[in-house]
Amino acid sequence: FAEFEDAMKYYRKVLIDVDSPHFDKALYKLGWSYFQEYDYDSAIKTFKRLIAWYDSGKRGGKLGAALREEAIEYLALSLADDDWDSDGEIDPNAGVERGLSYLQGGTKWEREVVKAYAKGLFDLQDNKKWQEAIAVYQHLLKSDPLDLEGPEYVKRLIQMHQETDNTVAAAAARRQLVDMFGEKSAWWKKHATTADFRRRMELQLEEAMYRTALDHNRRAQALKVQALQDEDDALM
């Protein structure tokens with residue numbers, strides 16, 4: 001990693017002058033170099049500094065907007081990685097608790113990172129990572145129940161539970177969808193302001209309730225079959 005070390009010395013020199021026209025580019029490159037060296041702690045802190053710099057009102061133009069977006073992506077990738085010390089083993093403190101510990105400032109841009117973190121875990125299509133994705137999506141729902149995207153988070157919860165054959169959790173997530181975003185919810189009052197929007201949400205909620213009823217029926221039938229089998233076994 002010698003080539004990164006030499007470049008990082010240059011980037012740090014540029015960062016001495018906060019008014020330099022190259023300040024944000026150098027900060028991005030420094031974060032990227034940390035990421036390439038698997039120094040995720042430093043990469044996360046550097047990318048956070050860059051995003052905060054942009055959101056403080058500094059202008060970066062189209063390039064700045066692109067660098068900000070990439071910084072969020074690299075942040076999410078860093079948070080999702082399990083092996084920060086590159087020893088081939090999962091770190092003892094790997095997981096959601098470590099990831100979210102870097103995003104406790106309550107800023108709007110941190111929530112953007114948490115959303116990217118959740119999506120990154122979801123996109124991995126891995127059962128273990130899906131458990132982490134579920135935890136992060138639940139964090140998003142709990143921290144802002146009025147988030148416009150809330151229903152989409154719950155729909156992903158339902159999908160992950162279904163695809164891992166956790167029918168009980170899938171049914172609970174469907175109930176969560178109805179309870180959090182139904183007609184009596186604060187979310188509905190805030191966002192369901194047009195007839196088209198209300199109708200689309202009503203269809204989603206109706207489907208969730210229908211599938212929940214089907215799940216209950218399937219479980220009841222399975223229990224009935226099991227009871228008959230148990231009775232037969234007892235007679236033998």
# chains A, B, ... in the order shown; residues from 1 in each chain; ligands from 1
>>> select_by_dssp(residues="segment 103-194 of chain A", states="helix (DSSP H, G or I)", output="ChimeraX atom specification")
/A:108-123,127-143,150-163,167-181,186-191
>>> write_last_selection(atoms="C-alpha atoms", output="mmCIF file, in the first residue's frame")
data_model
loop_
_atom_site.group_PDB
_atom_site.id
_atom_site.type_symbol
_atom_site.label_atom_id
_atom_site.label_comp_id
_atom_site.auth_asym_id
_atom_site.auth_seq_id
_atom_site.Cartn_x
_atom_site.Cartn_y
_atom_site.Cartn_z
ATOM 1 C CA LYS A 108 -30.267 14.609 7.995
ATOM 2 C CA TRP A 109 -27.303 13.338 6.032
ATOM 3 C CA GLU A 110 -26.595 10.639 8.610
ATOM 4 C CA ARG A 111 -30.057 9.266 7.959
ATOM 5 C CA GLU A 112 -29.167 9.117 4.278
ATOM 6 C CA VAL A 113 -26.176 6.978 5.219
ATOM 7 C CA VAL A 114 -28.301 4.692 7.404
ATOM 8 C CA LYS A 115 -30.682 4.187 4.463
ATOM 9 C CA ALA A 116 -27.752 3.337 2.189
ATOM 10 C CA TYR A 117 -26.384 1.018 4.886
ATOM 11 C CA ALA A 118 -29.716 -0.823 5.123
ATOM 12 C CA LYS A 119 -30.023 -1.107 1.341
ATOM 13 C CA GLY A 120 -26.438 -2.337 1.053
ATOM 14 C CA LEU A 121 -27.124 -5.108 3.565
ATOM 15 C CA PHE A 122 -30.381 -5.967 1.782
ATOM 16 C CA ASP A 123 -28.700 -6.118 -1.641
ATOM 17 C CA ASN A 127 -29.295 -14.609 5.245
ATOM 18 C CA LYS A 128 -26.891 -13.343 7.921
ATOM 19 C CA LYS A 129 -26.704 -9.899 6.365
ATOM 20 C CA TRP A 130 -30.463 -9.874 5.993
ATOM 21 C CA GLN A 131 -30.778 -10.199 9.754
ATOM 22 C CA GLU A 132 -28.644 -7.072 10.010
ATOM 23 C CA ALA A 133 -30.691 -5.354 7.300
ATOM 24 C CA ILE A 134 -33.857 -6.122 9.266
ATOM 25 C CA ALA A 135 -32.337 -4.502 12.357
ATOM 26 C CA VAL A 136 -31.290 -1.379 10.434
ATOM 27 C CA TYR A 137 -34.677 -1.000 8.735
ATOM 28 C CA GLN A 138 -36.378 -1.350 12.120
ATOM 29 C CA HIS A 139 -34.030 1.356 13.421
ATOM 30 C CA LEU A 140 -35.119 3.634 10.568
ATOM 31 C CA LEU A 141 -38.781 2.974 11.331
ATOM 32 C CA LYS A 142 -38.353 3.565 15.049
ATOM 33 C CA SER A 143 -36.256 6.718 14.712
ATOM 34 C CA GLY A 150 -41.484 3.920 5.750
ATOM 35 C CA PRO A 151 -43.846 1.588 3.868
ATOM 36 C CA GLU A 152 -41.016 0.621 1.524
ATOM 37 C CA TYR A 153 -38.854 -0.347 4.490
ATOM 38 C CA VAL A 154 -41.595 -2.601 5.842
ATOM 39 C CA LYS A 155 -42.145 -4.161 2.409
ATOM 40 C CA ARG A 156 -38.483 -5.125 2.390
ATOM 41 C CA LEU A 157 -38.867 -6.591 5.869
ATOM 42 C CA ILE A 158 -41.758 -8.679 4.589
ATOM 43 C CA GLN A 159 -39.736 -9.836 1.583
ATOM 44 C CA MET A 160 -36.754 -10.880 3.696
ATOM 45 C CA HIS A 161 -38.939 -12.762 6.168
ATOM 46 C CA GLN A 162 -40.804 -14.507 3.357
ATOM 47 C CA GLU A 163 -37.674 -15.554 1.503
ATOM 48 C CA THR A 167 -43.907 -16.748 8.070
ATOM 49 C CA VAL A 168 -44.590 -15.583 11.618
ATOM 50 C CA ALA A 169 -42.237 -12.601 11.270
ATOM 51 C CA ALA A 170 -43.627 -11.843 7.790
ATOM 52 C CA ALA A 171 -47.152 -11.722 9.213
ATOM 53 C CA ALA A 172 -45.969 -9.463 12.029
ATOM 54 C CA ALA A 173 -44.352 -7.128 9.473
ATOM 55 C CA ARG A 174 -47.600 -6.958 7.493
ATOM 56 C CA ARG A 175 -49.420 -6.018 10.676
ATOM 57 C CA GLN A 176 -46.738 -3.400 11.287
ATOM 58 C CA LEU A 177 -47.420 -2.003 7.803
ATOM 59 C CA VAL A 178 -51.121 -1.613 8.578
ATOM 60 C CA ASP A 179 -50.607 -0.228 12.085
ATOM 61 C CA MET A 180 -47.912 2.309 11.163
ATOM 62 C CA PHE A 181 -49.273 3.513 7.825
ATOM 63 C CA ALA A 186 -50.100 9.928 11.956
ATOM 64 C CA TRP A 187 -48.129 8.933 8.857
ATOM 65 C CA TRP A 188 -51.348 8.756 6.817
ATOM 66 C CA LYS A 189 -52.471 12.155 8.027
ATOM 67 C CA LYS A 190 -49.155 13.691 7.011
ATOM 68 C CA HIS A 191 -48.612 12.070 3.619
#
>>> closest_residue(among="A:Lys184, A:Lys58, A:Lys48, A:Arg199", to="Phe23 of chain A", atoms="only C-alpha atoms")
A:Lys58
>>> closest_residue(among="A:Val225, A:Ala208, A:Ala7, A:Ile90", to="Trp32 of chain A", atoms="only C-alpha atoms")
A:Ala7
>>> residues_around(residues="Glu70 of chain A", least_positions_apart="2", cutoff="12 Å", atoms="only C-alpha atoms", output="list of chain:residue names")
A:Lys25, A:Tyr28, A:Lys29, A:Gly31, A:Trp32, A:Phe47, A:Lys48, A:Leu50, A:Ile51, A:Leu63, A:Gly64, A:Ala65, A:Ala66, A:Leu67, A:Arg68, A:Ile72, A:Glu73, A:Tyr74, A:Leu75, A:Ala76, A:Leu77, A:Val113, A:Ala116
>>> residues_around(residues="segment 12-15 of chain A", least_positions_apart="6", cutoff="9 Å", atoms="only C-alpha atoms", output="NGL selection string")
:A and (22-24 or 26-27 or 30)
>>> closest_residue(among="A:Arg98, A:Arg211, A:Gly182, A:Thr164", to="Gln125 of chain A", atoms="only C-alpha atoms")
A:Thr164
>>> atom_distance(atom1="atom CA of Asp147 of chain A", atom2="atom CA of Asp196 of chain A")
18.9 Å
>>> decode(residues="segment 122-144 of chain A", atoms="C-alpha atoms", output="PDB file, in the first residue's frame")
ATOM      1  CA  PHE A 122     -30.381  -5.967   1.782  1.00  0.00           C
ATOM      2  CA  ASP A 123     -28.700  -6.118  -1.641  1.00  0.00           C
ATOM      3  CA  LEU A 124     -26.143  -8.668  -0.414  1.00  0.00           C
ATOM      4  CA  GLN A 125     -28.897 -11.317  -0.543  1.00  0.00           C
ATOM      5  CA  ASP A 126     -27.287 -13.166   2.355  1.00  0.00           C
ATOM      6  CA  ASN A 127     -29.295 -14.609   5.245  1.00  0.00           C
ATOM      7  CA  LYS A 128     -26.891 -13.343   7.921  1.00  0.00           C
ATOM      8  CA  LYS A 129     -26.704  -9.899   6.365  1.00  0.00           C
ATOM      9  CA  TRP A 130     -30.463  -9.874   5.993  1.00  0.00           C
ATOM     10  CA  GLN A 131     -30.778 -10.199   9.754  1.00  0.00           C
ATOM     11  CA  GLU A 132     -28.644  -7.072  10.010  1.00  0.00           C
ATOM     12  CA  ALA A 133     -30.691  -5.354   7.300  1.00  0.00           C
ATOM     13  CA  ILE A 134     -33.857  -6.122   9.266  1.00  0.00           C
ATOM     14  CA  ALA A 135     -32.337  -4.502  12.357  1.00  0.00           C
ATOM     15  CA  VAL A 136     -31.290  -1.379  10.434  1.00  0.00           C
ATOM     16  CA  TYR A 137     -34.677  -1.000   8.735  1.00  0.00           C
ATOM     17  CA  GLN A 138     -36.378  -1.350  12.120  1.00  0.00           C
ATOM     18  CA  HIS A 139     -34.030   1.356  13.421  1.00  0.00           C
ATOM     19  CA  LEU A 140     -35.119   3.634  10.568  1.00  0.00           C
ATOM     20  CA  LEU A 141     -38.781   2.974  11.331  1.00  0.00           C
ATOM     21  CA  LYS A 142     -38.353   3.565  15.049  1.00  0.00           C
ATOM     22  CA  SER A 143     -36.256   6.718  14.712  1.00  0.00           C
ATOM     23  CA  ASP A 144     -38.700   8.381  12.290  1.00  0.00           C
TER      24      ASP A 144
END
